[in-house]
$ cat entry.cif   # mmCIF, C-alpha atoms
data_coords
#
loop_
_atom_site.label_atom_id
_atom_site.label_comp_id
_atom_site.auth_asym_id
_atom_site.auth_seq_id
_atom_site.Cartn_x
_atom_site.Cartn_y
_atom_site.Cartn_z
CA MET R 1 -15.40 -23.36 -36.05
CA SER R 2 -17.15 -20.30 -34.64
CA GLY R 3 -18.42 -22.37 -31.70
CA LEU R 4 -14.88 -23.01 -30.41
CA THR R 5 -13.90 -19.42 -29.78
CA PRO R 6 -15.52 -17.39 -27.02
CA PRO R 7 -17.58 -14.42 -28.07
CA SER R 8 -15.57 -11.22 -28.08
CA ARG R 9 -16.63 -7.79 -26.90
CA HIS R 10 -15.59 -4.56 -28.52
CA GLU R 11 -14.97 -1.26 -26.77
CA ASN R 12 -13.93 1.82 -28.75
CA ASN R 13 -13.26 -0.36 -31.81
CA ARG R 14 -10.85 -2.49 -29.77
CA GLU R 15 -11.46 -6.14 -28.96
CA ILE R 16 -11.65 -6.89 -25.21
CA THR R 17 -10.13 -10.24 -24.30
CA ASP R 18 -9.06 -11.78 -20.99
CA SER R 19 -5.45 -10.74 -21.52
CA ASN R 20 -6.13 -7.03 -22.05
CA ARG R 21 -9.20 -6.63 -19.84
CA ARG R 22 -9.02 -3.74 -17.39
CA VAL R 23 -9.31 -4.81 -13.77
CA PRO R 24 -11.27 -2.34 -11.63
CA VAL R 25 -9.44 -0.78 -8.67
CA ALA R 26 -11.78 -2.45 -6.17
CA ASP R 27 -10.87 -5.89 -7.56
CA ARG R 28 -7.15 -5.18 -7.20
CA ARG R 29 -7.47 -4.19 -3.56
CA THR R 30 -9.45 -7.24 -2.54
CA ALA R 31 -7.14 -9.60 -4.41
CA ARG R 32 -4.64 -9.72 -1.51
CA PRO R 33 -6.35 -10.71 1.74
CA PHE R 34 -4.93 -9.96 5.18
CA THR R 35 -2.85 -13.00 6.13
CA LEU R 36 -1.28 -12.76 9.58
CA TRP R 37 1.78 -14.93 9.01
CA LYS R 38 2.71 -12.93 5.92
CA GLU R 39 2.30 -9.67 7.83
CA VAL R 40 4.55 -10.93 10.62
CA LEU R 41 7.17 -12.16 8.15
CA VAL R 42 7.24 -8.82 6.34
CA ALA R 43 7.26 -6.99 9.69
CA TYR R 44 10.47 -8.85 10.53
CA LEU R 45 12.21 -8.84 7.16
CA ALA R 46 11.59 -5.24 6.07
CA PRO R 47 13.18 -3.47 9.06
CA ALA R 48 15.88 -6.12 9.39
CA LEU R 49 17.01 -5.63 5.82
CA MET R 50 16.67 -1.83 5.78
CA ALA R 51 18.32 -1.15 9.15
CA GLY R 52 20.88 -3.88 8.50
CA ALA R 53 21.81 -2.32 5.17
CA GLY R 54 22.07 1.07 6.86
CA GLY R 55 24.33 -0.38 9.54
CA VAL R 56 26.58 -2.05 6.98
CA ALA R 57 26.72 1.06 4.77
CA SER R 58 27.57 3.36 7.66
CA GLY R 59 29.90 0.92 9.37
CA GLN R 60 27.84 0.77 12.57
CA SER R 61 28.03 -2.79 13.81
CA GLY R 62 25.65 -1.96 16.68
CA LEU R 63 22.94 -0.91 14.24
CA THR R 64 23.51 -4.00 12.13
CA MET R 65 23.13 -6.25 15.18
CA ALA R 66 20.10 -4.33 16.45
CA ALA R 67 18.49 -4.56 13.01
CA PHE R 68 18.13 -8.32 13.27
CA THR R 69 17.33 -8.44 17.00
CA SER R 70 15.59 -5.57 18.75
CA ILE R 71 14.35 -3.62 15.73
CA ALA R 72 13.03 -6.48 13.59
CA GLY R 73 12.05 -8.60 16.57
CA THR R 74 9.95 -5.83 18.05
CA SER R 75 8.28 -5.22 14.69
CA ALA R 76 7.40 -8.89 14.32
CA VAL R 77 6.06 -9.23 17.87
CA VAL R 78 3.93 -6.08 17.57
CA ALA R 79 2.63 -7.17 14.15
CA LEU R 80 1.70 -10.56 15.61
CA LEU R 81 -0.03 -9.10 18.66
CA ILE R 82 -1.93 -6.32 16.91
CA GLY R 83 -2.71 -8.42 13.84
CA SER R 84 -4.11 -11.30 15.88
CA TRP R 85 -6.12 -8.90 18.06
CA LEU R 86 -7.57 -7.21 14.99
CA GLN R 87 -8.44 -10.54 13.39
CA ARG R 88 -10.13 -11.89 16.53
CA ARG R 89 -11.75 -8.82 18.03
CA GLY R 90 -11.26 -5.94 15.63
CA ARG R 91 -14.60 -6.20 13.86
CA SER R 92 -16.48 -6.41 17.17
CA ARG R 93 -14.92 -3.14 18.38
CA PRO R 94 -16.91 -0.31 16.78
CA TRP R 95 -14.08 2.21 16.83
CA THR R 96 -11.85 0.02 14.63
CA THR R 97 -14.29 0.21 11.75
CA ALA R 98 -16.12 3.49 12.46
CA LEU R 99 -13.11 5.80 12.75
CA PRO R 100 -11.12 6.81 9.67
CA ARG R 101 -8.27 4.48 8.85
CA ILE R 102 -5.64 7.07 9.76
CA MET R 103 -7.14 7.47 13.24
CA VAL R 104 -7.17 3.73 13.92
CA ALA R 105 -3.55 3.48 12.80
CA ALA R 106 -2.54 6.49 14.93
CA ILE R 107 -4.28 5.19 18.06
CA LEU R 108 -2.69 1.75 17.75
CA ALA R 109 0.72 3.25 16.92
CA VAL R 110 0.72 5.53 19.96
CA GLY R 111 -0.44 2.71 22.21
CA ALA R 112 2.19 0.31 20.90
CA ALA R 113 4.92 2.96 21.13
CA VAL R 114 4.06 3.80 24.74
CA ILE R 115 4.06 0.16 25.80
CA ALA R 116 7.28 -0.58 23.89
CA GLY R 117 8.86 2.59 25.32
CA LEU R 118 8.09 1.37 28.84
CA VAL R 119 9.56 -2.04 28.01
CA GLY R 120 12.64 -0.34 26.53
CA TRP R 121 13.06 1.87 29.59
CA PHE R 122 12.67 -1.13 31.88
CA ALA R 123 15.22 -3.16 29.94
CA SER R 124 17.78 -0.39 29.57
CA SER R 125 17.51 1.14 33.05
CA TRP R 126 16.21 -1.40 35.50
CA LEU R 127 17.83 -4.61 34.26
CA PRO R 128 21.51 -3.59 34.69
CA ASP R 129 20.84 -2.27 38.20
CA HIS R 130 18.85 -5.21 39.52
CA THR R 131 20.03 -8.28 37.62
CA SER R 132 23.27 -9.78 36.43
CA VAL R 133 22.78 -8.35 32.93
CA VAL R 134 25.71 -6.06 32.24
CA ASP R 135 25.12 -2.57 30.90
CA THR R 136 26.01 -2.90 27.23
CA ALA R 137 25.54 -0.65 24.25
CA TRP R 138 22.58 -2.64 22.92
CA LEU R 139 20.65 -1.99 26.13
CA ALA R 140 21.07 1.76 25.63
CA ARG R 141 19.51 1.50 22.16
CA LEU R 142 16.34 -0.19 23.40
CA HIS R 143 14.59 2.94 24.62
CA ILE R 144 14.75 4.28 21.03
CA ASP R 145 14.54 1.10 18.93
CA LEU R 146 11.54 -0.47 20.60
CA PRO R 147 9.02 2.42 20.42
CA ILE R 148 9.90 3.32 16.85
CA SER R 149 9.69 -0.29 15.66
CA ALA R 150 6.43 -0.83 17.51
CA ALA R 151 4.82 2.30 16.09
CA VAL R 152 5.80 1.52 12.51
CA ALA R 153 4.62 -2.08 12.76
CA ALA R 154 1.32 -1.01 14.35
CA VAL R 155 0.63 1.51 11.60
CA ILE R 156 1.39 -0.90 8.77
CA VAL R 157 -0.55 -3.85 10.19
CA SER R 158 -3.60 -1.80 11.20
CA TRP R 159 -3.59 0.04 7.85
CA ARG R 160 -3.53 -3.21 5.89
CA TRP R 161 -6.13 -4.86 8.11
CA ARG R 162 -8.45 -1.91 7.83
CA ARG R 163 -8.10 -1.87 4.04
CA GLN R 164 -9.47 -5.41 3.99
CA ASN R 165 -12.18 -4.65 6.61
CA PRO R 166 -13.76 -1.30 5.75
#
$ encode --input "entry.cif" --output "structure tokens"
Amino acid sequence: MSGLTPPSRHENNREITDSNRRVPVADRRTARPFTLWKEVLVAYLAPALMAGAGGVASGQSGLTMAAFTSIAGTSAVVALLIGSWLQRRGRSRPWTTALPRIMVAAILAVGAAVIAGLVGWFASSWLPDHTSVVDTAWLARLHIDLPISAAVAAVIVSWRWRRQNP
């Protein structure tokens, strides 16, 4: 019957089997690859649930509505744009792999925040004056919601991508 059981190894007088084997840290990090659709889904759900819960808890219906529209929507769009750019062209750009991970995340976060801030300013200032869109409270929130959501999404997506592409 000894041929039916796999050979066992012993370490410090303790038998090492598949169920109690220690997995090295490097194996744990590479176990979850960068998958764009999952990143976009999390980029939408995480801020929607957190800001939505904050809006419900504080009784701010504007924050609750913004959580599922401008805040989470911006996060998902930025995650999609930056994540797809990194997947297609990130490895061919030397600065994305040569710079430290924190620098890549900071550069992409500042860039995304500036662009989203301009979009937020355009939507909150220019649209009511030049179109039939009425000046509502949600338009006033855009110049704050969009840059913050874009920066957070850019940091998270670039950080996770870079972890998989050192």
$ residues_around --input "entry.cif" --residues "Val77 (chain R)" --least-positions-apart "2" --cutoff "9 Å" --atoms "only C-alpha atoms" --output "count of residues only"
13
$ resolve_selection --input "entry.cif" --expression "the PyMOL selection byres ((chain R and resi 62) around 12)" --output "list in words"
Ala51, Gly52, Gly54, Gly55, Val56, Ser58, Gly59, Gln60, Ser61, Leu63, Thr64, Met65, Ala66, Ala67, Phe68, Thr69, Ser70, Ile71, Thr136, Ala137, Trp138, Leu139, Ala140, Arg141, Leu142 and Asp145 of chain R
$ closest_residue --input "entry.cif" --among "R:Leu86, R:Ala105, R:Ala57, R:Leu41" --to "Trp159 (chain R)" --atoms "only C-alpha atoms"
R:Ala105
$ atom_distance --input "entry.cif" --atom1 "CA of Ile144 (chain R)" --atom2 "CA of Leu99 (chain R)"
29.1 Å
$ closest_residue --input "entry.cif" --among "R:Lys38, R:His143, R:Arg162, R:His130" --to "Ala98 (chain R)" --atoms "only C-alpha atoms"
R:Arg162
$ resolve_selection --input "entry.cif" --expression "the PyMOL selection byres ((chain R and resi 34) around 12)" --output "number ranges by chain"
R: 29-33, 35-40, 83-84, 86-87, 156-165
$ closest_residue --input "entry.cif" --among "R:Val78, R:Ala151, R:Leu146, R:Ala48" --to "Trp121 (chain R)" --atoms "only C-alpha atoms"
R:Leu146
$ atom_distance --input "entry.cif" --atom1 "CA of Val152 (chain R)" --atom2 "CA of Leu127 (chain R)"
25.6 Å
$ atom_distance --input "entry.cif" --atom1 "CA of Thr96 (chain R)" --atom2 "CA of Ala76 (chain R)"
21.2 Å
$ closest_residue --input "entry.cif" --among "R:Met50, R:Trp85, R:Ala116, R:Ile107" --to "Ser149 (chain R)" --atoms "all atoms listed in the file"
R:Ala116
